[in-house]
file upload_32.txt (compact mmCIF, C-alpha atoms (C1' of nucleotides))
# COMPACT_ATOMS: atom_id res chain seq x y z
CA MET A 28 -78.02 -97.76 61.93
CA ALA A 29 -75.53 -96.47 64.46
CA ILE A 30 -74.73 -92.76 64.62
CA GLY A 31 -71.51 -91.23 65.86
CA TYR A 32 -69.54 -88.03 65.83
CA CYS A 33 -66.06 -86.79 64.96
CA CYS A 34 -62.93 -86.37 67.04
CA ILE A 35 -63.88 -83.83 69.67
CA SER A 36 -66.36 -84.37 72.51
CA ASN A 37 -67.96 -81.17 73.74
CA GLY A 38 -70.24 -82.89 76.23
CA ILE A 39 -67.45 -84.57 78.16
CA ASN A 40 -66.13 -81.21 79.35
CA ILE A 41 -69.41 -79.79 80.63
CA GLY A 42 -68.86 -78.86 84.27
CA ARG A 43 -65.07 -79.18 84.02
CA ARG A 44 -62.61 -76.37 84.50
CA PRO A 45 -60.58 -75.56 81.39
CA LYS A 46 -57.38 -76.96 82.91
CA ASP A 47 -59.11 -80.31 83.42
CA PHE A 48 -60.61 -80.52 79.93
CA ILE A 49 -60.40 -83.89 78.26
CA LYS A 50 -59.06 -83.38 74.77
CA VAL A 51 -57.40 -85.46 72.10
CA ASN A 52 -55.76 -82.78 70.00
CA ARG A 53 -53.13 -81.01 72.06
CA GLY A 54 -50.57 -79.58 69.67
CA MET A 55 -47.97 -76.87 69.37
CA ILE A 56 -46.86 -74.23 66.93
CA ARG A 57 -43.70 -74.75 64.87
CA LYS A 58 -41.61 -72.54 67.13
CA THR A 59 -42.41 -74.69 70.15
CA PHE A 60 -41.72 -77.89 68.25
CA LEU A 61 -38.30 -76.53 67.24
CA GLU A 62 -37.59 -75.56 70.84
CA LYS A 63 -38.92 -78.60 72.65
CA GLY A 64 -38.68 -81.30 70.02
CA LEU A 65 -39.62 -84.97 70.35
CA PRO A 66 -39.84 -85.15 74.17
CA TYR A 67 -42.65 -82.62 74.20
CA ALA A 68 -44.35 -84.20 71.18
CA SER A 69 -44.19 -87.47 73.07
CA GLU A 70 -45.63 -85.92 76.22
CA LEU A 71 -48.57 -84.36 74.36
CA SER A 72 -49.19 -87.60 72.46
CA LEU A 73 -49.45 -89.52 75.72
CA LEU A 74 -51.93 -87.02 77.15
CA ASN A 75 -53.99 -87.13 73.96
CA LEU A 76 -54.12 -90.93 73.90
CA ILE A 77 -55.02 -91.14 77.60
CA ASP A 78 -57.89 -88.76 76.90
CA CYS A 79 -58.89 -90.65 73.76
CA LEU A 80 -59.54 -93.69 75.94
CA GLU A 81 -61.59 -91.49 78.29
CA VAL A 82 -63.64 -90.26 75.34
CA LEU A 83 -64.34 -93.85 74.28
CA LYS A 84 -65.54 -94.68 77.79
CA TYR A 85 -67.76 -91.60 77.76
CA ASN A 86 -69.10 -92.68 74.37
CA VAL A 87 -70.05 -96.12 75.67
CA LYS A 88 -71.72 -94.54 78.70
CA ASN A 89 -73.76 -92.50 76.24
CA LYS A 90 -74.42 -95.40 73.89
CA ILE A 91 -72.30 -93.95 71.10
CA PHE A 92 -70.66 -96.74 69.14
CA VAL A 93 -69.35 -94.89 66.10
CA TYR A 94 -66.44 -92.50 66.59
CA ARG A 95 -63.91 -90.85 64.31
CA LEU A 96 -60.38 -90.71 65.69
CA SER A 97 -58.66 -87.33 65.59
CA SER A 98 -55.78 -87.04 63.14
CA ASP A 99 -54.15 -84.63 65.57
CA MET A 100 -53.37 -86.98 68.44
CA ILE A 101 -49.67 -87.15 67.58
CA PRO A 102 -48.46 -83.57 67.01
CA TRP A 103 -46.00 -83.07 64.12
CA PHE A 104 -46.26 -86.77 63.25
CA SER A 105 -45.16 -85.96 59.70
CA GLU A 106 -41.72 -85.07 61.06
CA PHE A 107 -40.74 -88.33 62.79
CA ASN A 108 -41.57 -91.99 63.26
CA LEU A 109 -43.46 -93.22 66.30
CA GLU A 110 -40.46 -95.32 67.37
CA GLU A 111 -38.44 -92.13 67.87
CA LEU A 112 -40.67 -90.83 70.65
CA PRO A 113 -39.22 -91.28 74.16
CA ASP A 114 -42.54 -92.71 75.35
CA TYR A 115 -42.87 -95.13 72.43
CA THR A 116 -43.48 -98.16 74.67
CA LYS A 117 -46.17 -96.40 76.67
CA ILE A 118 -47.73 -95.04 73.52
CA CYS A 119 -47.96 -98.54 72.05
CA SER A 120 -49.58 -99.92 75.16
CA LEU A 121 -52.10 -97.06 75.19
CA LEU A 122 -52.94 -97.61 71.52
CA LYS A 123 -53.46 -101.29 72.30
CA LYS A 124 -55.74 -100.37 75.21
CA ILE A 125 -57.75 -98.07 72.95
CA GLY A 126 -58.16 -100.79 70.33
CA ASP A 127 -59.01 -103.44 72.91
CA TYR A 128 -61.60 -101.18 74.49
CA ALA A 129 -63.11 -100.38 71.10
CA LYS A 130 -63.35 -104.05 70.14
CA THR A 131 -64.71 -105.18 73.52
CA ASN A 132 -67.41 -102.53 73.35
CA THR A 133 -68.04 -102.81 69.60
CA ILE A 134 -67.09 -99.23 68.88
CA ARG A 135 -66.57 -98.58 65.19
CA LEU A 136 -63.50 -96.37 64.85
CA SER A 137 -62.43 -94.56 61.70
CA ALA A 138 -60.02 -91.88 60.58
CA HIS A 139 -60.35 -89.02 58.13
CA PRO A 140 -57.07 -87.38 57.12
CA GLY A 141 -57.70 -83.87 55.86
CA PRO A 142 -57.06 -81.42 53.08
CA TYR A 143 -53.28 -81.79 53.12
CA THR A 144 -53.41 -85.44 52.22
CA VAL A 145 -53.46 -85.47 48.43
CA LEU A 146 -52.57 -88.93 47.19
CA ALA A 147 -53.25 -87.84 43.60
CA SER A 148 -51.27 -84.59 43.73
CA GLU A 149 -49.25 -83.48 40.70
CA THR A 150 -46.42 -82.66 43.11
CA GLU A 151 -44.28 -85.68 43.90
CA SER A 152 -43.28 -84.46 47.35
CA VAL A 153 -46.95 -84.02 48.25
CA VAL A 154 -47.68 -87.57 47.14
CA GLU A 155 -44.80 -88.87 49.26
CA LYS A 156 -45.99 -86.98 52.32
CA SER A 157 -49.54 -88.17 51.72
CA ILE A 158 -48.45 -91.79 51.52
CA ASP A 159 -46.47 -91.40 54.73
CA ASP A 160 -49.46 -89.78 56.44
CA LEU A 161 -51.87 -92.50 55.37
CA ASN A 162 -49.46 -95.25 56.38
CA LYS A 163 -49.04 -93.62 59.78
CA HIS A 164 -52.80 -93.57 60.31
CA SER A 165 -52.81 -97.24 59.39
CA GLN A 166 -49.86 -97.97 61.68
CA MET A 167 -51.79 -96.49 64.60
CA MET A 168 -54.73 -98.75 63.81
CA ASP A 169 -52.35 -101.71 63.55
CA LEU A 170 -50.99 -100.86 67.00
CA MET A 171 -54.57 -100.65 68.26
CA GLY A 172 -54.99 -104.19 67.00
CA LEU A 173 -57.88 -103.25 64.72
CA ASP A 174 -58.58 -105.51 61.75
CA ALA A 175 -57.32 -104.14 58.45
CA THR A 176 -60.79 -103.91 56.89
CA ARG A 177 -63.14 -101.11 55.94
CA TYR A 178 -65.01 -101.72 59.18
CA TYR A 179 -62.33 -99.34 60.51
CA PRO A 180 -61.87 -97.15 57.45
CA ILE A 181 -59.32 -94.48 56.67
CA ASN A 182 -61.43 -92.19 54.55
CA ILE A 183 -60.12 -89.42 52.27
CA HIS A 184 -61.13 -87.07 49.50
CA ILE A 185 -59.25 -87.05 46.21
CA ASN A 186 -58.46 -83.41 46.98
CA THR A 187 -57.37 -82.43 43.49
CA THR A 188 -58.72 -82.36 39.95
CA GLN A 189 -55.50 -81.26 38.23
CA PRO A 190 -55.11 -81.19 35.30
CA THR A 191 -58.46 -82.93 34.79
CA ARG A 192 -60.70 -85.06 36.97
CA GLU A 193 -59.92 -88.13 34.91
CA GLU A 194 -56.15 -87.71 35.03
CA ALA A 195 -56.13 -86.95 38.75
CA ALA A 196 -58.30 -90.01 39.37
CA GLU A 197 -55.92 -92.11 37.33
CA ARG A 198 -52.96 -90.91 39.38
CA PHE A 199 -54.97 -91.84 42.46
CA THR A 200 -55.44 -95.40 41.24
CA GLU A 201 -51.72 -95.67 40.44
CA ASN A 202 -50.48 -94.17 43.72
CA PHE A 203 -52.87 -96.41 45.64
CA PHE A 204 -50.47 -99.29 45.04
CA LEU A 205 -47.64 -97.36 46.72
CA LEU A 206 -49.47 -97.56 50.06
CA ASP A 207 -48.71 -100.23 52.64
CA GLU A 208 -50.92 -103.30 52.31
CA ASN A 209 -52.95 -102.61 55.45
CA THR A 210 -53.41 -98.99 54.44
CA ARG A 211 -54.87 -100.15 51.13
CA LYS A 212 -57.21 -102.50 52.97
CA ARG A 213 -58.51 -99.62 55.07
CA LEU A 214 -58.80 -96.86 52.49
CA THR A 215 -62.16 -95.41 51.40
CA ILE A 216 -62.99 -92.33 49.32
CA GLU A 217 -65.62 -89.64 49.75
CA ASN A 218 -67.67 -87.51 47.35
CA ASP A 219 -67.04 -83.75 47.22
CA ASP A 220 -69.15 -80.65 47.78
CA LYS A 221 -67.99 -78.71 44.71
CA LEU A 222 -69.38 -78.82 41.20
CA SER A 223 -65.87 -79.14 39.77
CA GLN A 224 -64.93 -82.12 41.91
CA TYR A 225 -66.09 -85.72 42.32
CA SER A 226 -69.60 -87.06 42.57
CA VAL A 227 -70.25 -90.59 43.82
CA LYS A 228 -70.78 -91.67 40.24
CA MET A 229 -67.42 -90.24 39.15
CA LEU A 230 -65.62 -91.92 42.05
CA TYR A 231 -67.33 -95.14 41.05
CA GLU A 232 -66.43 -94.88 37.37
CA PHE A 233 -62.92 -93.47 37.68
CA ILE A 234 -61.68 -95.18 40.82
CA TYR A 235 -63.90 -97.88 42.31
CA LYS A 236 -64.07 -99.82 39.05
CA GLN A 237 -60.27 -99.98 38.90
CA ILE A 238 -59.19 -100.58 42.50
CA LYS A 239 -62.40 -101.45 44.41
CA VAL A 240 -62.01 -98.76 47.06
CA PRO A 241 -65.44 -98.29 48.70
CA ILE A 242 -67.18 -94.93 48.61
CA CYS A 243 -68.19 -93.09 51.76
CA PHE A 244 -71.37 -91.15 50.93
CA ASP A 245 -71.65 -87.63 52.33
CA GLN A 246 -75.20 -86.39 52.09
CA HIS A 247 -74.35 -82.73 52.68
CA HIS A 248 -71.58 -82.77 50.09
CA TYR A 249 -73.93 -84.47 47.65
CA LYS A 250 -76.20 -81.43 47.63
CA TYR A 251 -73.40 -79.15 46.43
CA GLY A 252 -71.50 -81.58 44.22
CA PRO A 253 -72.11 -82.51 40.56
CA GLN A 254 -75.80 -83.38 40.19
CA ASP A 255 -75.48 -86.46 38.01
CA GLN A 256 -77.74 -88.73 40.08
CA THR A 257 -80.58 -88.41 42.56
CA MET A 258 -79.58 -88.65 46.20
CA GLU A 259 -81.13 -92.08 46.42
CA GLU A 260 -79.16 -93.31 43.40
CA ALA A 261 -75.91 -91.85 44.74
CA LEU A 262 -76.42 -93.36 48.20
CA LYS A 263 -77.30 -96.74 46.74
CA LEU A 264 -74.34 -96.69 44.37
CA ALA A 265 -71.96 -95.82 47.22
CA TYR A 266 -73.63 -98.48 49.38
CA SER A 267 -73.01 -101.11 46.72
CA THR A 268 -69.23 -100.64 46.95
CA TRP A 269 -68.86 -101.89 50.54
CA GLY A 270 -69.28 -105.62 50.04
CA SER A 271 -69.88 -107.41 53.35
CA ILE A 272 -68.82 -104.39 55.45
CA LYS A 273 -71.56 -102.11 56.76
CA PRO A 274 -71.12 -98.81 54.91
CA LEU A 275 -70.10 -95.64 56.71
CA THR A 276 -71.63 -92.32 55.63
CA HIS A 277 -71.45 -88.67 56.70
CA MET A 278 -74.33 -86.36 57.52
CA SER A 279 -74.55 -82.66 58.32
CA SER A 280 -76.55 -79.51 57.66
CA SER A 281 -75.61 -76.24 56.01
CA ARG A 282 -74.41 -73.53 58.35
CA ARG A 283 -76.51 -71.11 56.34
CA ILE A 284 -79.53 -72.36 58.31
CA GLU A 285 -77.98 -70.77 61.39
CA ASP A 286 -76.16 -67.86 59.74
CA VAL A 287 -77.35 -66.53 56.37
CA SER A 288 -73.99 -64.89 55.73
CA SER A 289 -71.97 -68.11 55.85
CA LYS A 290 -71.14 -70.33 52.90
CA GLU A 291 -73.75 -72.94 52.16
CA THR A 292 -71.16 -75.71 52.20
CA ALA A 293 -70.00 -74.83 55.73
CA HIS A 294 -71.16 -77.13 58.51
CA ALA A 295 -73.87 -76.19 60.98
CA ASP A 296 -73.74 -76.68 64.74
CA PHE A 297 -76.56 -79.22 64.58
CA LEU A 298 -78.30 -81.56 62.17
CA TYR A 299 -81.67 -80.17 61.14
CA GLU A 300 -83.02 -82.95 58.96
CA LYS A 301 -83.79 -86.58 59.52
CA ILE A 302 -81.30 -88.99 58.02
CA GLU A 303 -82.85 -90.58 54.94
CA THR A 304 -81.89 -94.26 54.75
CA PHE A 305 -83.94 -95.38 51.74
CA GLY A 306 -84.37 -98.64 53.61
CA LEU A 307 -80.64 -99.35 53.84
CA ASP A 308 -78.60 -100.14 56.93
CA PHE A 309 -75.42 -98.12 57.40
CA ASP A 310 -73.48 -96.22 60.04
CA THR A 311 -73.18 -92.44 60.07
CA ASP A 312 -70.78 -89.83 61.38
CA LEU A 313 -72.48 -86.55 62.21
CA GLU A 314 -70.26 -83.70 61.04
CA CYS A 315 -71.69 -80.98 63.23
CA LYS A 316 -69.78 -78.26 65.02
CA GLU A 317 -71.50 -79.18 68.26
CA LYS A 318 -70.24 -82.74 68.02
CA ASP A 319 -71.74 -85.18 70.54
CA ILE A 320 -74.09 -82.43 71.75
CA ALA A 321 -75.51 -82.35 68.22
CA LEU A 322 -75.92 -86.12 68.35
CA PHE A 323 -77.87 -85.90 71.62
CA LYS A 324 -80.09 -83.20 70.13
CA TYR A 325 -80.67 -85.26 67.03
CA ARG A 326 -81.74 -88.25 69.14
CA LYS A 327 -84.15 -86.06 71.08
CA ASP A 328 -85.56 -84.23 68.05
CA TYR A 329 -86.18 -87.38 66.04
CA GLY A 330 -86.81 -89.88 68.80
CA VAL A 331 -84.03 -92.24 67.78
CA LEU A 332 -81.12 -93.77 69.60
C1' DC B 2 -57.40 -66.69 83.93
C1' DA B 3 -59.09 -64.26 79.73
C1' DT B 4 -58.04 -62.33 75.46
C1' DG B 5 -56.36 -61.66 70.84
C1' DG B 6 -52.90 -62.36 67.29
C1' DT B 7 -51.10 -66.05 65.04
C1' DC B 8 -50.59 -70.47 63.35
C1' DA B 9 -47.43 -76.82 59.13
C1' DA B 10 -49.31 -78.72 55.31
C1' DG B 11 -52.79 -78.49 49.55
C1' DT B 12 -56.31 -77.19 46.73
C1' DG B 13 -60.03 -74.65 44.92
C1' DG B 14 -63.76 -71.14 45.04
C1' DC B 15 -65.05 -66.67 45.88
C1' DA B 16 -65.00 -61.55 47.07
C1' DT C 24 -54.79 -61.58 45.27
C1' DG C 25 -55.91 -62.91 49.52
C1' DC C 26 -59.22 -65.17 52.42
C1' DC C 27 -62.09 -68.91 53.60
C1' DA C 28 -63.26 -73.64 53.90
C1' DC C 29 -62.10 -78.15 54.51
C1' DT C 30 -62.71 -83.76 58.99
C1' DT C 31 -61.62 -80.61 64.09
C1' DG C 32 -59.75 -74.45 66.50
C1' DA C 33 -55.80 -74.40 69.38
C1' DC C 34 -51.34 -72.23 70.89
C1' DC C 35 -49.10 -68.94 73.43
C1' DA C 36 -47.60 -64.19 74.70
C1' DT C 37 -49.44 -60.80 77.18
C1' DG C 38 -51.98 -58.37 80.70

call {"tool": "encode", "arguments": {"input": "upload_32.txt", "output": "structure tokens"}}
result
Amino acid sequence: MAIGYCCISNGINIGRRPKDFIKVNRGMIRKTFLEKGLPYASELSLLNLIDCLEVLKYNVKNKIFVYRLSSDMIPWFSEFNLEELPDYTKICSLLKKIGDYAKTNTIRLSAHPGPYTVLASETESVVEKSIDDLNKHSQMMDLMGLDATRYYPINIHINTTQPTREEAAERFTENFFLLDENTRKRLTIENDDKLSQYSVKMLYEFIYKQIKVPICFDQHHYKYGPQDQTMEEALKLAYSTWGSIKPLTHMSSSRRIEDVSSKETAHADFLYEKIETFGLDFDTDLECKEKDIALFKYRKDYGVL
DNA sequence: CATGGTCAAGTGGCA
DNA sequence: TGCCACTTGACCATG
């Protein structure tokens, strides 16, 4: 099992002055985008991608071979196509470098578009934007030269249950076919942390059975989602959907351990429990606020690499 | 350089 | 009804 973290490295900036911070998610507010437009978006994208490569090098130095790419590397990407950026050529060559570096060093990259990506939305414009967003994630991976397989997954939640779980899931399976081919080959789906949303079993019944999209198991979400299986059953069912690809899972602890006033579904700074594998081999993203620092602590606390 | 108000997007749960 | 949470706080005007 290889363990990684998501998007932001906290450790890489220890000892650096704020102006020298390495970060992959420089952005801007709407007002600035309207004022400065594509040239500035291009400039920030370049800086983010340069730093992304630095983060990968830092990861290898620290024996971290699983890493989730930030979805915020290209600011305002919903508003233009990559080809429109003044630095398009440089951006392509950087993406290629990132992919080459990842492959040479066997880093497993993934992406996880967020709450605004609702492929199953009842609103047509939201579906269109979601398709565009997913295809753009896939396009970046294409430019990185990454295989279009679930070894480099683009993982999403269903993000809606309107008007019912079953109907939303059905829309998901229909809209799936509107995605670019490589996007479809990369897509995976994740269980939710709310009783009203999707358990692993529901994803399996409503979606996997129809379109064979593998299920990314989130152990923390499992605890707060519909309790229709034991954790072992849910993990094993999700595991069974990955075929020959090593499954990817998510792990985190409840923030309530650190702050009794916070919501139990919120994520903690660190992981406070050992990852239960039930004898299976899979990769894991730690979803902890302290990022790579949380990974180092986990290794130390549990004596694992 | 530090601080605090403000900030694209969709959906759902909670005070 | 408005805020929080979500895969991740960060931007930027001001002092």

call {"tool": "closest_atom_pairs", "arguments": {"input": "upload_32.txt", "of": "chain C", "to": "chain A", "cutoff": "8 Å", "atoms": "only C-alpha atoms (C1' of nucleotides)", "output": "Markdown table"}}
result
| residue | atom | partner | partner_atom | distance |
| --- | --- | --- | --- | --- |
| C:DA28 | C1' | A:Ala293 | CA | 7.1 |
| C:DC29 | C1' | A:Pro142 | CA | 6.2 |
| C:DT30 | C1' | A:His139 | CA | 5.8 |
| C:DT31 | C1' | A:Cys34 | CA | 6.6 |
| C:DA33 | C1' | A:Gly54 | CA | 7.4 |
| C:DC34 | C1' | A:Met55 | CA | 5.9 |

call {"tool": "closest_atom_pairs", "arguments": {"input": "upload_32.txt", "of": "chain B", "to": "chain A", "cutoff": "8 Å", "atoms": "all atoms listed in the file", "output": "tab-separated table"}}
result
residue	atom	partner	partner_atom	distance
B:DC8	C1'	A:Ile56	CA	6.4
B:DA9	C1'	A:Arg57	CA	7.2
B:DA10	C1'	A:Tyr143	CA	5.5
B:DG11	C1'	A:Tyr143	CA	4.9
B:DT12	C1'	A:Thr187	CA	6.3

call {"tool": "residues_around", "arguments": {"input": "upload_32.txt", "residues": "DG6 of chain B", "least_positions_apart": "2", "cutoff": "10 Å", "atoms": "all atoms listed in the file", "output": "compact mmCIF listing (two decimals) with C-alpha atoms (C1' of nucleotides), in the frame of the given file"}}
result
# COMPACT_ATOMS: atom_id res chain seq x y z
C1' DT B 4 -58.04 -62.33 75.46
C1' DC B 8 -50.59 -70.47 63.35
C1' DC C 35 -49.10 -68.94 73.43
C1' DA C 36 -47.60 -64.19 74.70

call {"tool": "atom_distance", "arguments": {"input": "upload_32.txt", "atom1": "atom CA of Lys117 of chain A", "atom2": "atom CA of Ile181 of chain A"}}
result
24.0 Å

call {"tool": "atom_distance", "arguments": {"input": "upload_32.txt", "atom1": "atom CA of Pro113 of chain A", "atom2": "atom CA of Ser36 of chain A"}}
result
28.1 Å

call {"tool": "closest_residue", "arguments": {"input": "upload_32.txt", "among": "A:Tyr299, A:Trp269, A:Tyr85, A:Phe60", "to": "Tyr325 of chain A", "atoms": "only C-alpha atoms"}}
result
A:Tyr299

call {"tool": "atom_distance", "arguments": {"input": "upload_32.txt", "atom1": "atom CA of Lys250 of chain A", "atom2": "atom CA of Leu275 of chain A"}}
result
17.9 Å

call {"tool": "residues_around", "arguments": {"input": "upload_32.txt", "residues": "DC26 of chain C", "least_positions_apart": "2", "cutoff": "12 Å", "atoms": "only C-alpha atoms (C1' of nucleotides)", "output": "list in words"}}
result
DG14, DC15 and DA16 of chain B; DT24 and DA28 of chain C

call {"tool": "closest_residue", "arguments": {"input": "upload_32.txt", "among": "A:Ile49, A:Met278, A:Val287, A:Ala147", "to": "Ala321 of chain A", "atoms": "only C-alpha atoms"}}
result
A:Met278

call {"tool": "build_atoms", "arguments": {"input": "upload_32.txt", "residues": "segment 210-233 of chain A", "atoms": "N, CA, C and O atoms", "output": "tab-separated table (two decimals), in the frame of the given file"}}
result
chain	number	residue	atom	x	y	z
A	210	THR	N	-52.84	-100.29	54.77
A	210	THR	CA	-53.41	-98.99	54.44
A	210	THR	C	-54.39	-99.16	53.27
A	210	THR	O	-55.51	-98.60	53.30
A	211	ARG	N	-53.98	-99.90	52.28
A	211	ARG	CA	-54.87	-100.15	51.13
A	211	ARG	C	-56.16	-100.83	51.56
A	211	ARG	O	-57.24	-100.53	51.06
A	212	LYS	N	-56.03	-101.76	52.51
A	212	LYS	CA	-57.21	-102.50	52.97
A	212	LYS	C	-58.18	-101.63	53.75
A	212	LYS	O	-59.33	-102.00	53.95
A	213	ARG	N	-57.67	-100.50	54.24
A	213	ARG	CA	-58.51	-99.62	55.07
A	213	ARG	C	-59.07	-98.44	54.30
A	213	ARG	O	-60.01	-97.79	54.74
A	214	LEU	N	-58.48	-98.11	53.17
A	214	LEU	CA	-58.80	-96.86	52.49
A	214	LEU	C	-60.22	-96.83	51.91
A	214	LEU	O	-60.70	-97.81	51.34
A	215	THR	N	-60.89	-95.69	52.09
A	215	THR	CA	-62.16	-95.41	51.40
A	215	THR	C	-62.09	-93.98	50.87
A	215	THR	O	-61.24	-93.19	51.30
A	216	ILE	N	-62.98	-93.67	49.93
A	216	ILE	CA	-62.99	-92.33	49.32
A	216	ILE	C	-64.37	-91.70	49.42
A	216	ILE	O	-65.38	-92.39	49.46
A	217	GLU	N	-64.38	-90.38	49.47
A	217	GLU	CA	-65.62	-89.64	49.75
A	217	GLU	C	-65.94	-88.65	48.64
A	217	GLU	O	-65.04	-88.02	48.09
A	218	ASN	N	-67.23	-88.49	48.35
A	218	ASN	CA	-67.67	-87.51	47.35
A	218	ASN	C	-67.48	-86.09	47.85
A	218	ASN	O	-67.46	-85.84	49.05
A	219	ASP	N	-67.36	-85.14	46.90
A	219	ASP	CA	-67.04	-83.75	47.22
A	219	ASP	C	-68.26	-82.83	47.16
A	219	ASP	O	-69.30	-83.17	46.59
A	220	ASP	N	-68.06	-81.63	47.72
A	220	ASP	CA	-69.15	-80.65	47.78
A	220	ASP	C	-68.98	-79.52	46.77
A	220	ASP	O	-69.54	-78.45	46.94
A	221	LYS	N	-68.18	-79.75	45.73
A	221	LYS	CA	-67.99	-78.71	44.71
A	221	LYS	C	-68.33	-79.26	43.33
A	221	LYS	O	-68.02	-80.41	43.02
A	222	LEU	N	-68.94	-78.39	42.52
A	222	LEU	CA	-69.38	-78.82	41.20
A	222	LEU	C	-68.22	-79.33	40.35
A	222	LEU	O	-68.38	-80.21	39.52
A	223	SER	N	-67.03	-78.79	40.59
A	223	SER	CA	-65.87	-79.14	39.77
A	223	SER	C	-65.21	-80.44	40.23
A	223	SER	O	-64.30	-80.92	39.57
A	224	GLN	N	-65.63	-80.96	41.35
A	224	GLN	CA	-64.93	-82.12	41.91
A	224	GLN	C	-65.69	-83.43	41.67
A	224	GLN	O	-66.30	-83.58	40.63
A	225	TYR	N	-65.64	-84.35	42.61
A	225	TYR	CA	-66.09	-85.72	42.32
A	225	TYR	C	-67.44	-86.06	42.94
A	225	TYR	O	-67.61	-85.97	44.16
A	226	SER	N	-68.35	-86.48	42.10
A	226	SER	CA	-69.60	-87.06	42.57
A	226	SER	C	-69.36	-88.53	42.91
A	226	SER	O	-68.31	-89.09	42.56
A	227	VAL	N	-70.33	-89.15	43.54
A	227	VAL	CA	-70.25	-90.59	43.82
A	227	VAL	C	-70.07	-91.36	42.51
A	227	VAL	O	-69.22	-92.26	42.41
A	228	LYS	N	-70.83	-90.95	41.51
A	228	LYS	CA	-70.78	-91.67	40.24
A	228	LYS	C	-69.40	-91.58	39.60
A	228	LYS	O	-68.89	-92.56	39.06
A	229	MET	N	-68.78	-90.40	39.70
A	229	MET	CA	-67.42	-90.24	39.15
A	229	MET	C	-66.41	-91.09	39.92
A	229	MET	O	-65.54	-91.72	39.33
A	230	LEU	N	-66.53	-91.08	41.24
A	230	LEU	CA	-65.62	-91.92	42.05
A	230	LEU	C	-65.79	-93.38	41.65
A	230	LEU	O	-64.83	-94.14	41.54
A	231	TYR	N	-67.04	-93.75	41.42
A	231	TYR	CA	-67.33	-95.14	41.05
A	231	TYR	C	-66.70	-95.49	39.70
A	231	TYR	O	-66.01	-96.50	39.57
A	232	GLU	N	-66.93	-94.61	38.73
A	232	GLU	CA	-66.43	-94.88	37.37
A	232	GLU	C	-64.92	-94.80	37.28
A	232	GLU	O	-64.28	-95.65	36.67
A	233	PHE	N	-64.35	-93.75	37.86
A	233	PHE	CA	-62.92	-93.47	37.68
A	233	PHE	C	-62.03	-94.27	38.63
A	233	PHE	O	-60.87	-94.52	38.33
